[in-house]
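This is data14.tsv. It holds TSV, C-alpha atoms.
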chain	number	residue	atom	x	y	z
H	1	GLU	CA	108.08	116.36	116.94
H	2	ASP	CA	106.48	119.50	115.61
H	3	LYS	CA	108.54	121.38	113.06
H	4	VAL	CA	108.44	124.10	110.45
H	5	VAL	CA	110.95	123.87	107.62
H	6	GLN	CA	111.67	126.62	105.13
H	7	SER	CA	113.50	126.34	101.85
H	8	PRO	CA	115.71	127.47	100.37
H	9	LEU	CA	117.81	128.79	103.25
H	10	SER	CA	119.08	131.61	101.08
H	11	LEU	CA	118.48	132.96	97.63
H	12	VAL	CA	120.16	135.60	95.47
H	13	VAL	CA	118.22	136.98	92.50
H	14	HIS	CA	118.34	139.95	90.15
H	15	GLU	CA	115.83	142.73	90.21
H	16	GLY	CA	112.76	141.82	88.19
H	17	ASP	CA	113.01	138.10	88.87
H	18	THR	CA	110.15	136.13	90.41
H	19	VAL	CA	110.89	134.04	93.49
H	20	THR	CA	109.02	131.30	95.34
H	21	LEU	CA	109.72	130.61	98.99
H	22	ASN	CA	108.58	127.38	100.58
H	23	CYS	CA	107.37	126.46	104.02
H	24	SER	CA	106.44	122.93	105.05
H	25	TYR	CA	105.17	121.98	108.47
H	26	GLU	CA	104.30	119.14	110.76
H	27	VAL	CA	102.46	120.69	113.66
H	28	THR	CA	99.87	119.15	115.93
H	29	ASN	CA	96.73	121.26	116.37
H	30	PHE	CA	97.47	123.49	113.39
H	31	ARG	CA	95.51	126.73	113.54
H	32	SER	CA	97.05	129.03	110.93
H	33	LEU	CA	100.22	129.82	109.03
H	34	LEU	CA	101.78	133.25	108.94
H	35	TRP	CA	104.47	134.90	106.85
H	36	TYR	CA	106.70	137.65	108.20
H	37	LYS	CA	109.36	139.84	106.58
H	38	GLN	CA	112.40	140.65	108.70
H	39	GLU	CA	114.74	143.35	107.58
H	40	LYS	CA	117.27	144.74	110.01
H	41	LYS	CA	115.09	144.59	113.09
H	42	ALA	CA	111.65	143.31	113.99
H	43	PRO	CA	109.67	140.89	111.85
H	44	THR	CA	106.70	142.57	110.19
H	45	PHE	CA	103.51	140.73	109.42
H	46	LEU	CA	102.71	139.88	105.79
H	47	PHE	CA	99.95	137.28	105.63
H	48	MET	CA	97.92	134.89	107.71
H	49	LEU	CA	96.52	131.78	106.00
H	50	THR	CA	93.93	129.51	107.51
H	51	SER	CA	92.19	127.86	104.56
H	52	SER	CA	93.60	125.73	101.78
H	53	GLY	CA	93.65	127.00	98.24
H	54	ILE	CA	92.73	130.62	98.95
H	55	GLU	CA	95.40	132.99	97.73
H	56	LYS	CA	96.27	136.01	99.80
H	57	LYS	CA	97.71	138.87	97.79
H	58	SER	CA	99.35	142.18	98.63
H	59	GLY	CA	100.91	144.03	95.73
H	60	ARG	CA	103.67	141.88	94.28
H	61	LEU	CA	103.48	139.35	97.11
H	62	SER	CA	101.09	136.44	97.25
H	63	SER	CA	100.78	133.32	99.32
H	64	ILE	CA	98.77	130.14	99.39
H	65	LEU	CA	98.32	127.26	101.82
H	66	ASP	CA	97.87	123.54	101.15
H	67	LYS	CA	96.60	121.89	104.34
H	68	LYS	CA	96.52	118.45	102.75
H	69	GLU	CA	100.18	118.45	101.73
H	70	LEU	CA	101.15	120.65	104.72
H	71	PHE	CA	102.94	123.46	103.00
H	72	SER	CA	102.70	127.07	101.96
H	73	ILE	CA	104.45	129.15	99.33
H	74	LEU	CA	105.22	132.84	99.23
H	75	ASN	CA	105.64	134.33	95.76
H	76	ILE	CA	107.27	137.64	95.02
H	77	THR	CA	107.03	138.91	91.46
H	78	ALA	CA	109.13	141.64	89.82
H	79	THR	CA	111.50	141.67	92.79
H	80	GLN	CA	113.08	144.92	93.95
H	81	THR	CA	116.12	145.59	96.12
H	82	GLY	CA	113.73	146.55	98.92
H	83	ASP	CA	112.51	142.97	99.00
H	84	SER	CA	115.88	141.90	100.38
H	85	ALA	CA	115.13	140.45	103.81
H	86	ILE	CA	114.68	137.27	105.76
H	87	TYR	CA	111.23	135.79	105.24
H	88	LEU	CA	109.90	133.85	108.20
H	89	CYS	CA	107.13	131.29	108.22
H	90	ALA	CA	105.28	130.62	111.47
H	91	VAL	CA	102.60	128.10	112.35
H	92	ALA	CA	100.10	128.81	115.10
H	93	TYR	CA	99.22	125.85	117.29
H	94	LEU	CA	97.13	125.15	120.37
H	95	LEU	CA	93.45	125.79	120.57
H	96	THR	CA	93.91	129.45	121.41
H	97	GLY	CA	96.05	129.97	118.33
H	98	ASN	CA	98.25	131.90	120.64
H	99	GLN	CA	101.66	130.44	120.07
H	100	PHE	CA	103.78	129.87	117.02
H	101	TYR	CA	106.50	127.61	115.76
H	102	PHE	CA	108.84	129.58	113.54
H	103	GLY	CA	110.94	128.29	110.68
H	104	THR	CA	114.56	129.37	110.41
H	105	GLY	CA	113.74	131.69	107.54
H	106	THR	CA	114.79	132.22	103.94
H	107	SER	CA	117.31	134.98	103.34
H	108	LEU	CA	116.52	136.75	100.07
H	109	THR	CA	118.99	139.09	98.44
H	110	VAL	CA	117.90	141.06	95.39
H	111	ILE	CA	120.75	142.59	93.44
H	112	PRO	CA	120.31	145.47	90.97
R	113	ASN	CA	101.15	154.75	118.40
R	114	ALA	CA	104.43	153.45	119.80
R	115	GLY	CA	103.46	149.78	119.29
R	116	VAL	CA	105.80	147.42	121.15
R	117	THR	CA	108.75	149.12	122.83
R	118	GLN	CA	111.76	147.18	124.03
R	119	THR	CA	114.65	148.47	126.09
R	120	PRO	CA	117.58	148.35	126.01
R	121	LYS	CA	118.49	147.82	122.35
R	122	PHE	CA	121.94	146.48	123.21
R	123	GLN	CA	123.40	145.01	126.38
R	124	VAL	CA	126.61	143.30	127.39
R	125	LEU	CA	126.60	141.26	130.59
R	126	LYS	CA	129.18	139.30	132.45
R	127	THR	CA	128.47	135.66	133.26
R	128	GLY	CA	126.46	135.45	136.46
R	129	GLN	CA	124.98	138.94	136.30
R	130	SER	CA	121.24	139.43	136.29
R	131	MET	CA	119.19	141.93	134.34
R	132	THR	CA	115.70	142.71	133.13
R	133	LEU	CA	114.70	143.30	129.54
R	134	GLN	CA	111.77	145.67	129.40
R	135	CYS	CA	108.79	145.38	127.08
R	136	ALA	CA	105.78	147.66	126.90
R	137	GLN	CA	102.90	147.88	124.44
R	138	ASP	CA	100.25	150.55	124.10
R	139	MET	CA	97.76	148.65	121.96
R	140	ASN	CA	95.84	147.07	124.84
R	141	HIS	CA	96.85	143.62	123.58
R	142	GLU	CA	96.06	140.70	125.82
R	143	TYR	CA	98.72	138.31	124.52
R	144	MET	CA	102.42	138.99	124.94
R	145	SER	CA	105.42	136.75	124.31
R	146	TRP	CA	109.17	136.71	124.49
R	147	TYR	CA	111.21	135.04	121.75
R	148	ARG	CA	114.90	134.59	121.22
R	149	GLN	CA	116.43	134.43	117.77
R	150	ASP	CA	119.65	132.56	117.16
R	151	PRO	CA	121.41	131.85	113.85
R	152	GLY	CA	120.07	128.68	112.26
R	153	MET	CA	117.45	128.23	115.00
R	154	GLY	CA	114.69	130.60	114.06
R	155	LEU	CA	112.59	132.31	116.71
R	156	ARG	CA	111.98	130.24	119.83
R	157	LEU	CA	109.39	131.00	122.46
R	158	ILE	CA	110.69	131.65	125.97
R	159	HIS	CA	107.60	132.68	127.97
R	160	TYR	CA	104.19	134.01	127.14
R	161	SER	CA	101.21	135.64	128.81
R	162	VAL	CA	97.53	135.62	127.90
R	163	GLY	CA	96.64	138.48	130.23
R	164	ALA	CA	97.64	140.36	133.35
R	165	GLY	CA	98.60	137.96	136.12
R	166	ILE	CA	98.84	134.94	133.80
R	167	THR	CA	102.12	133.62	132.41
R	168	ASP	CA	103.36	130.31	131.11
R	169	GLN	CA	106.50	128.67	129.76
R	170	GLY	CA	107.37	128.27	126.13
R	171	GLU	CA	109.97	126.08	124.42
R	172	VAL	CA	113.12	127.44	126.12
R	173	PRO	CA	112.18	128.89	129.53
R	174	ASN	CA	115.19	127.83	131.60
R	175	GLY	CA	117.18	130.72	133.03
R	176	TYR	CA	114.40	133.26	132.50
R	177	ASN	CA	111.53	134.61	134.58
R	178	VAL	CA	108.59	136.78	133.60
R	179	SER	CA	105.72	138.55	135.28
R	180	ARG	CA	102.68	140.40	133.97
R	181	SER	CA	101.36	142.78	136.59
R	182	THR	CA	99.74	145.07	134.00
R	183	THR	CA	98.37	144.62	130.49
R	184	GLU	CA	101.02	146.95	129.11
R	185	ASP	CA	104.24	145.54	130.56
R	186	PHE	CA	105.92	142.16	130.24
R	187	PRO	CA	109.50	142.22	131.54
R	188	LEU	CA	111.90	139.32	131.01
R	189	ARG	CA	114.41	138.63	133.77
R	190	LEU	CA	117.68	136.81	133.30
R	191	LEU	CA	118.49	135.35	136.68
R	192	SER	CA	122.18	134.51	136.24
R	193	ALA	CA	123.40	135.23	132.73
R	194	ALA	CA	125.26	132.54	130.81
R	195	PRO	CA	127.07	132.74	127.45
R	196	SER	CA	124.36	130.45	126.00
R	197	GLN	CA	121.91	133.30	126.51
R	198	THR	CA	123.73	135.48	123.99
R	199	SER	CA	121.00	136.13	121.47
R	200	VAL	CA	118.59	138.66	120.03
R	201	TYR	CA	115.43	138.89	122.12
R	202	PHE	CA	112.09	139.97	120.72
R	203	CYS	CA	108.99	140.88	122.62
R	204	ALA	CA	105.71	140.58	120.76
R	205	SER	CA	102.06	141.25	121.44
R	206	ARG	CA	98.72	140.61	119.79
R	207	THR	CA	95.04	140.88	120.48
R	208	THR	CA	92.75	137.92	121.07
R	209	GLY	CA	91.13	136.07	118.22
R	210	GLU	CA	92.85	133.64	115.95
R	211	LEU	CA	93.08	135.85	112.90
R	212	TYR	CA	95.85	138.11	114.09
R	213	GLY	CA	99.60	137.77	114.04
R	214	TYR	CA	102.02	139.23	116.50
R	215	THR	CA	103.44	142.75	116.45
R	216	PHE	CA	107.11	142.60	117.32
R	217	GLY	CA	109.34	145.03	119.16
R	218	SER	CA	112.62	146.07	117.59
R	219	GLY	CA	114.66	143.60	119.62
R	220	THR	CA	117.40	143.57	122.24
R	221	ARG	CA	120.81	142.26	121.26
R	222	LEU	CA	122.32	140.67	124.35
R	223	THR	CA	125.90	139.47	124.65
R	224	VAL	CA	127.04	137.50	127.70
R	225	VAL	CA	130.80	137.31	128.14

With the file now loaded, output its structure as structure tokens.
Amino acid sequence: EDKVVQSPLSLVVHEGDTVTLNCSYEVTNFRSLLWYKQEKKAPTFLFMLTSSGIEKKSGRLSSILDKKELFSILNITATQTGDSAIYLCAVAYLLTGNQFYFGTGTSLTVIP
Amino acid sequence: NAGVTQTPKFQVLKTGQSMTLQCAQDMNHEYMSWYRQDPGMGLRLIHYSVGAGITDQGEVPNGYNVSRSTTEDFPLRLLSAAPSQTSVYFCASRTTGELYGYTFGSGTRLTVV
């Protein structure tokens, strides 16, 4: 059965800390892996990863994919209170890359 | 650009009632999907569409219908609401090509009593 598993389920850190969020997957016909940030409402797109070992970076956030070991990590350095959110991992499957399995998310709380 | 617009934002239904959740996008995206989000379950795909006139079922389609008469609109119909359909519903759209993620609407929080 296809699945996407995120860990930890929740995390509380202090401002300035560095965090690493994990996403492992077992998905037939893997096409790509995506990270989303969900604050109060809609998930917003962060990264899409299709190739192993190539880091994607945006400001303090970075992510990398390992297609051999079937996982991805999302790193956030120098965390800020605005980073508090649920971080969702999604894996695109099927040949069209159209549909996604989502993990249950990691809830990150950054306290001042 | 409005992006993906969902209405209503909140709704309370009685068991057995029917209703339609509206979704519209102004980005000329071909692909549209409906997800529901439940605590501890993540986002699960209900129905999706790859273009006007074409729809298909996702992981949890029972109790829901969709249609796609135009590129812009993708309404989700609850035929006879049940308490198990209490959830947050997200509509999402994206363009073709494998290198793009979905743009999500702001969600509809539905409670069935």

- prompt: Between R:Thr119, R:Ser145, R:Thr182, R:Gln134, which is the closest to chain H once you count only C-alpha atoms?
  reply: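 Ranked by minimum distance to chain H, first place goes to R:Ser145.
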
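Going from CA of Phe30 in chain H to CA of Tyr93 in chain H covers 4.9 Å.
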
query: Rounded to one decimal in Å, what is the spacing between CA of Ser107 in chain H and CA of Trp146 in chain R?
result: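 Computed distance, CA of Ser107 in chain H to CA of Trp146 in chain R, equals 22.7 Å.
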
- prompt: chain H residues within 10 Å of chain R, counting all atoms listed in the file: which ones, as a VMD selection string?
  reply: chain H and resid 4 9 31 to 36 40 to 50 88 to 90 92 95 to 105

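Atom to atom, CA of Ala85 in chain H and CA of Ala114 in chain R stand 23.2 Å apart.
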
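Proximity ranking of H:Ser51, H:Thr81, H:Gln38, H:Ser10 relative to Lys67 in chain H places H:Ser51 first, based on all atoms listed in the file.
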
Box for range 185-197 of chain R: with edges along x, y and z, all listed atoms inside and 5 Å added on each side, what are the centre and edge lengths in Å to one decimal, as lines of an AutoDock Vina configuration file?
center_x = 115.7
center_y = 138.0
center_z = 131.3
size_x = 32.8
size_y = 25.1
size_z = 20.7
